Protein chains: 2
Amino acid sequence: MALIVMKFGGSSVADSEKIKHVAGKIIARKKGGNKIVVVVSAPGDMTDDLITMSEKITAEPNPREMDMLLSTGEQVSISLLAMAIQSMGHSAVALTGPQAGILTDSEHLKARVEKIVPKKIFSFLEKNNIVIVAGFQGLNPNDDIATLGRGGSDLTAVALAAQMQANICEIYTDVEGVFTTDPRVVKDAKKIETISYEEMLEMAGSGAQVMQARSIEVAKKYGIEIHVRSTFSEKEGTFIVSEDKIGRKQMEALMVSAVTFDKNQVKFSLIDLPDIPGMAAKIFGSLAKLGINVDMIIQSAALDKKNDISFTVSKADLKKTQMKIDQLAKELKAHSVVCDEHVAKVSVVGIGMKSHAGVASKMFEILAKNGINIEMISTSEIKVSCVIDEVDLNKAVSELHKGFKLNKK
Amino acid sequence: MALIVMKFGGSSVADSEKIKHVAGKIIARKKGGNKIVVVVSAPGDMTDDLITMSEKITAEPNPREMDMLLSTGEQVSISLLAMAIQSMGHSAVALTGPQAGILTDSEHLKARVEKIVPKKIFSFLEKNNIVIVAGFQGLNPNDDIATLGRGGSDLTAVALAAQMQANICEIYTDVEGVFTTDPRVVKDAKKIETISYEEMLEMAGSGAQVMQARSIEVAKKYGIEIHVRSTFSEKEGTFIVSEDKIGRKQMEALMVSAVTFDKNQVKFSLIDLPDIPGMAAKIFGSLAKLGINVDMIIQSAALDKKNDISFTVSKADLKKTQMKIDQLAKELKAHSVVCDEHVAKVSVVGIGMKSHAGVASKMFEILAKNGINIEMISTSEIKVSCVIDEVDLNKAVSELHKGFKLNKK
């Protein structure tokens, strides 16, 4: 008898019809002779609605009370989903994160899961229940509700699967799996059958919004196989597995598995900084203190004792970054600050590039041939990213998709 | 330093402006040098909205999951209210019913409070916090969330006040206190300054919707003084106290303190039942099994071995009662069943009637003088109720109010 963790996102439980549909899917899986643990997010836009409610009260809500507020979203969806399953004649029980034994550290709004004590879940499973667990939340050392941050329901599902030694963790979503690039941009984007944790991590970090990066890390650490698939179809989606399992399935790894992009980028440049040690540490230390996540960084070679430093942040951090950088520019005697909101990042990702030289140069060549200027470059072992003008983005994505033959899979 | 329990109903926290207003009132009370525990209901219509959501899933939701769903309402209001107080520079902490140590029996949807362990509340009060507790909910012996039924937030407030030996329990609402009758029906209805628990209980039982009866019982049992007052005014409202305290404030008790009414009644009559023992037990036992609350009962004297039995139930139970009574009528060989939806109950309430004879006869006289026919009568030590045709209700209320000189207080 297999143990399956099924996770449904907010769009899958947005209204009563969808909740009933999901209940049907879960029951079908149960009838297949499996033990079922379900993890659910808050319905539809409820989390955003709750945030709006808090914003009307105060711009800086206390994190403890914010978590208490936000956690109601999942409590609503687990209750309704359990009722739906029960009304179809099957035993089900809804458990909040704290009831399910999900224990976190004491950080609010982005708590880390420290430990899972699934005693209650196992006991309900033994009594033949489908167990529905609220995603995104747990109990902290003060016995307060803590939330895990955006995408936290993925983490709940994967961490539960790891702790309970589930056979598979199925992530149900409104797309059919992981694609070679965004099908809304490139029509002949192909669904990827199997992808490695490492590639999926790079994809999540470079703009693909299929799964939260933290949960992929946990899956990788504990070797939990993930199946990303559609709530609204019976087709198989994409399996996220360890690299060696891909090797077995597919004799020769592709050079590039996917093209990803991120429009949510702003580029800042500090022009003509004095070339003295500690500049970069001062700048990026100050930004880190403000909780600003810096993505790419480039420092130009020092000529005539002057440096240029450019970096990208997400658009949500634009204002905070602008204020801090203007202040730092004065302090550090930079000549000026340039902010460019009209940039985008395009990346190619693939474990194949470890053994194939020339992926980066082929990428640059494709972009150049199409008259697309590269503003910044960054590389990892299995990814190459370029920052370009956002007007060129769609062209870049589709030319790279074609150039690396992803439409021919 | 006094300990005050302040309870705010759903209409007092229905939107962000109202929540901020309530926060201001609480802070003012705190600044007066008091320790403050606040109990809040779910905002506005949220409980009804949650019920509607469940109805779209199933007509018969599992009570455990229903409680989990319903309890999110108060969790939203305590979080937002705590945030509002914090944003005004005061320490506050929100506690769910389980966190506040409110322990119930294992009945869902109408759990009884078994015990309160306010350790956490006391510890937060000592650290100078305003403590905000979710009304209407507690933790049951299975570690599940249980709700206390409609009006349960009043019960939370009074029970906390009793357990914590608070100096007073203030019930904030959208009316200015308890009135001699409904001001929407009789314009010169007067606010009552002080009323006894007993009178308030009879009023709650006879249609006045100021406070839930169970919570008045608890207040009476533990001698907790209650102050019913308006959220939107600074004026004093009505104090609910023990009878001996009223004696001290007011030399001669009034014969009648208030006229109440209830339009939410349906009258059933079983005509020509055979006069054999056990009929009434059979009928009312069957209704009780279905959870139908029967209010007034009249059995006519037995002539020619036949009986008529009439009783009233609330309109919400009309269908259930109709089905059961039709079935019973056949079984028990009654001649017929008559159902009258167009009745109403009018009552006069007052501890004064204990020592003043003739309140009932004066009531009948006033009704008769105004051509109002009485269909059923029931009396208690401090209340007389009559069921009349609902078209006569407003007239009956205003004539009784005038006749007992309640407009002259």
# chains A, B, ... in the order shown; residues from 1 in each chain; ligands from 1

call {"tool": "interface_residues", "arguments": {"of": "chain B", "to": "chain A", "cutoff": "9 Å", "atoms": "only C-alpha atoms", "output": "CSV table (one decimal) with C-alpha atoms, in the first residue's frame"}}
result
chain,number,residue,atom,x,y,z
B,15,ASP,CA,-14.7,46.9,8.8
B,16,SER,CA,-11.3,48.6,9.3
B,17,GLU,CA,-12.7,51.9,10.4
B,19,ILE,CA,-12.0,48.1,14.2
B,20,LYS,CA,-9.8,51.3,14.7
B,50,LEU,CA,-18.7,30.8,6.1
B,53,MET,CA,-19.6,28.4,1.8
B,54,SER,CA,-20.2,25.1,3.6
B,56,LYS,CA,-22.4,25.0,-1.3
B,57,ILE,CA,-20.3,21.9,-0.4
B,58,THR,CA,-22.9,19.9,1.5
B,59,ALA,CA,-26.2,20.2,3.3
B,60,GLU,CA,-24.9,18.2,6.2
B,61,PRO,CA,-21.4,19.2,7.0
B,62,ASN,CA,-19.4,17.3,9.6
B,64,ARG,CA,-15.9,18.9,13.6
B,65,GLU,CA,-14.9,20.5,10.3
B,66,MET,CA,-17.8,23.0,10.5
B,67,ASP,CA,-16.3,24.2,13.8
B,68,MET,CA,-12.9,24.4,12.2
B,69,LEU,CA,-14.4,26.5,9.5
B,70,LEU,CA,-16.5,28.8,11.7
B,71,SER,CA,-13.7,29.5,14.1
B,72,THR,CA,-11.7,31.3,11.4
B,73,GLY,CA,-14.1,34.3,11.7
B,75,GLN,CA,-9.4,34.5,14.4
B,76,VAL,CA,-9.6,37.2,11.7
B,77,SER,CA,-11.1,39.8,14.0
B,78,ILE,CA,-8.7,39.2,17.0
B,79,SER,CA,-5.7,39.5,14.6
B,80,LEU,CA,-6.9,42.7,13.1
B,81,LEU,CA,-8.0,44.3,16.4
B,82,ALA,CA,-4.6,43.4,18.0
B,83,MET,CA,-2.8,45.0,14.9
B,84,ALA,CA,-4.9,48.1,15.3
B,86,GLN,CA,-0.4,47.8,18.3
B,87,SER,CA,-0.3,50.4,15.5
B,93,VAL,CA,-1.7,40.1,21.9
B,94,ALA,CA,-4.4,38.1,20.2
B,95,LEU,CA,-5.3,34.6,21.5
B,96,THR,CA,-7.6,32.0,19.9
B,99,GLN,CA,-4.7,29.5,23.3
B,143,ASP,CA,-7.6,18.9,21.0
B,144,ASP,CA,-10.1,20.0,18.3

call {"tool": "select_by_dssp", "arguments": {"residues": "range 209-337 of chain B", "states": "strand (DSSP E)", "output": "PyMOL selection string"}}
result
chain B and resi 226-230+238-241+258-274+294-299+306-314+336-337

call {"tool": "residues_around", "arguments": {"residues": "Cys386 in chain B", "least_positions_apart": "2", "cutoff": "9 Å", "atoms": "only C-alpha atoms", "output": "PDB file with C-alpha atoms, in the first residue's frame"}}
result
ATOM      1  CA  ALA B 344     -46.598  36.351  17.715  1.00  0.00           C
ATOM      2  CA  LYS B 345     -45.780  36.262  21.393  1.00  0.00           C
ATOM      3  CA  VAL B 346     -45.925  39.348  23.606  1.00  0.00           C
ATOM      4  CA  SER B 347     -44.629  39.251  27.183  1.00  0.00           C
ATOM      5  CA  PHE B 364     -55.401  40.554  29.707  1.00  0.00           C
ATOM      6  CA  ILE B 374     -55.437  35.881  23.244  1.00  0.00           C
ATOM      7  CA  GLU B 375     -54.712  32.441  21.760  1.00  0.00           C
ATOM      8  CA  MET B 376     -52.339  31.011  24.363  1.00  0.00           C
ATOM      9  CA  ILE B 377     -51.078  32.077  27.783  1.00  0.00           C
ATOM     10  CA  SER B 378     -48.053  31.053  29.810  1.00  0.00           C
ATOM     11  CA  THR B 379     -46.706  32.495  33.015  1.00  0.00           C
ATOM     12  CA  VAL B 384     -46.583  36.669  31.580  1.00  0.00           C
ATOM     13  CA  ILE B 388     -51.773  36.654  19.677  1.00  0.00           C
TER      14      ILE B 388
END

call {"tool": "closest_residue", "arguments": {"among": "B:Glu225, B:Glu390, B:Glu381, B:Asp154", "to": "Glu199 in chain B", "atoms": "only C-alpha atoms"}}
result
B:Glu381

call {"tool": "residues_around", "arguments": {"residues": "Val338 in chain A", "least_positions_apart": "3", "cutoff": "8 Å", "atoms": "only C-alpha atoms", "output": "list in words"}}
result
Phe268, Ser269, Leu270 and Ile271 of chain A

call {"tool": "decode", "arguments": {"residues": "range 48-136 of chain A", "atoms": "C-alpha atoms", "output": "mmCIF file, in the first residue's frame"}}
result
data_model
loop_
_atom_site.group_PDB
_atom_site.id
_atom_site.type_symbol
_atom_site.label_atom_id
_atom_site.label_comp_id
_atom_site.auth_asym_id
_atom_site.auth_seq_id
_atom_site.Cartn_x
_atom_site.Cartn_y
_atom_site.Cartn_z
ATOM 1 C CA ASP A 48 -4.215 38.427 -0.805
ATOM 2 C CA ASP A 49 -7.610 39.502 0.552
ATOM 3 C CA LEU A 50 -6.403 38.961 4.116
ATOM 4 C CA ILE A 51 -3.270 40.999 3.394
ATOM 5 C CA THR A 52 -5.477 43.810 2.060
ATOM 6 C CA MET A 53 -7.547 43.698 5.257
ATOM 7 C CA SER A 54 -4.420 44.102 7.361
ATOM 8 C CA GLU A 55 -3.152 46.941 5.164
ATOM 9 C CA LYS A 56 -6.321 48.864 5.886
ATOM 10 C CA ILE A 57 -5.486 48.620 9.589
ATOM 11 C CA THR A 58 -1.762 49.307 9.513
ATOM 12 C CA ALA A 59 1.174 49.425 7.098
ATOM 13 C CA GLU A 60 3.354 47.509 9.557
ATOM 14 C CA PRO A 61 1.347 44.709 11.100
ATOM 15 C CA ASN A 62 2.852 42.740 13.946
ATOM 16 C CA PRO A 63 4.207 39.500 12.414
ATOM 17 C CA ARG A 64 2.687 37.295 15.121
ATOM 18 C CA GLU A 65 -0.826 38.611 14.511
ATOM 19 C CA MET A 66 -0.239 38.666 10.741
ATOM 20 C CA ASP A 67 0.477 34.928 10.869
ATOM 21 C CA MET A 68 -2.636 34.363 12.962
ATOM 22 C CA LEU A 69 -4.625 36.233 10.318
ATOM 23 C CA LEU A 70 -3.047 34.575 7.256
ATOM 24 C CA SER A 71 -3.371 31.051 8.639
ATOM 25 C CA THR A 72 -7.180 31.290 8.514
ATOM 26 C CA GLY A 73 -7.029 30.915 4.712
ATOM 27 C CA GLU A 74 -5.835 27.304 4.778
ATOM 28 C CA GLN A 75 -8.108 26.532 7.711
ATOM 29 C CA VAL A 76 -11.048 27.438 5.480
ATOM 30 C CA SER A 77 -9.886 25.260 2.590
ATOM 31 C CA ILE A 78 -9.053 22.167 4.675
ATOM 32 C CA SER A 79 -12.464 22.352 6.391
ATOM 33 C CA LEU A 80 -14.361 22.662 3.122
ATOM 34 C CA LEU A 81 -12.318 19.966 1.376
ATOM 35 C CA ALA A 82 -12.807 17.515 4.259
ATOM 36 C CA MET A 83 -16.579 18.229 4.201
ATOM 37 C CA ALA A 84 -16.655 17.582 0.458
ATOM 38 C CA ILE A 85 -14.896 14.224 0.815
ATOM 39 C CA GLN A 86 -17.121 13.241 3.755
ATOM 40 C CA SER A 87 -20.253 14.168 1.811
ATOM 41 C CA MET A 88 -19.101 11.723 -0.891
ATOM 42 C CA GLY A 89 -19.082 8.945 1.681
ATOM 43 C CA HIS A 90 -15.405 8.723 2.595
ATOM 44 C CA SER A 91 -13.720 9.316 5.945
ATOM 45 C CA ALA A 92 -11.625 12.437 6.057
ATOM 46 C CA VAL A 93 -10.203 14.637 8.753
ATOM 47 C CA ALA A 94 -8.881 18.189 8.482
ATOM 48 C CA LEU A 95 -5.812 19.169 10.504
ATOM 49 C CA THR A 96 -4.309 22.630 10.884
ATOM 50 C CA GLY A 97 -0.522 22.865 10.622
ATOM 51 C CA PRO A 98 -0.153 22.840 14.424
ATOM 52 C CA GLN A 99 -2.522 19.855 14.758
ATOM 53 C CA ALA A 100 -0.582 17.988 12.076
ATOM 54 C CA GLY A 101 2.586 18.342 14.136
ATOM 55 C CA ILE A 102 4.421 20.775 11.881
ATOM 56 C CA LEU A 103 6.859 22.556 14.193
ATOM 57 C CA THR A 104 8.743 25.643 13.101
ATOM 58 C CA ASP A 105 11.383 28.037 14.392
ATOM 59 C CA SER A 106 10.251 31.273 16.003
ATOM 60 C CA GLU A 107 10.564 33.487 12.921
ATOM 61 C CA HIS A 108 7.143 34.754 11.874
ATOM 62 C CA LEU A 109 5.978 35.175 8.216
ATOM 63 C CA LYS A 110 8.867 33.049 6.903
ATOM 64 C CA ALA A 111 9.279 30.372 9.521
ATOM 65 C CA ARG A 112 11.451 27.357 8.777
ATOM 66 C CA VAL A 113 10.149 23.877 9.430
ATOM 67 C CA GLU A 114 12.305 22.427 12.227
ATOM 68 C CA LYS A 115 10.586 19.155 12.854
ATOM 69 C CA ILE A 116 7.492 17.208 11.908
ATOM 70 C CA VAL A 117 5.761 14.969 14.441
ATOM 71 C CA PRO A 118 3.110 13.236 12.319
ATOM 72 C CA LYS A 119 1.686 11.094 15.149
ATOM 73 C CA LYS A 120 -1.827 12.400 14.673
ATOM 74 C CA ILE A 121 -1.633 11.986 10.884
ATOM 75 C CA PHE A 122 -0.476 8.367 11.159
ATOM 76 C CA SER A 123 -3.183 7.585 13.686
ATOM 77 C CA PHE A 124 -5.915 9.006 11.445
ATOM 78 C CA LEU A 125 -4.452 7.180 8.414
ATOM 79 C CA GLU A 126 -4.598 3.918 10.318
ATOM 80 C CA LYS A 127 -8.303 4.496 10.906
ATOM 81 C CA ASN A 128 -8.701 4.646 7.134
ATOM 82 C CA ASN A 129 -9.068 8.437 6.931
ATOM 83 C CA ILE A 130 -7.955 10.704 4.152
ATOM 84 C CA VAL A 131 -5.948 13.277 6.098
ATOM 85 C CA ILE A 132 -6.161 16.904 4.921
ATOM 86 C CA VAL A 133 -3.388 19.137 6.227
ATOM 87 C CA ALA A 134 -3.285 22.938 6.045
ATOM 88 C CA GLY A 135 -0.259 23.999 4.022
ATOM 89 C CA PHE A 136 1.914 27.035 4.722
#
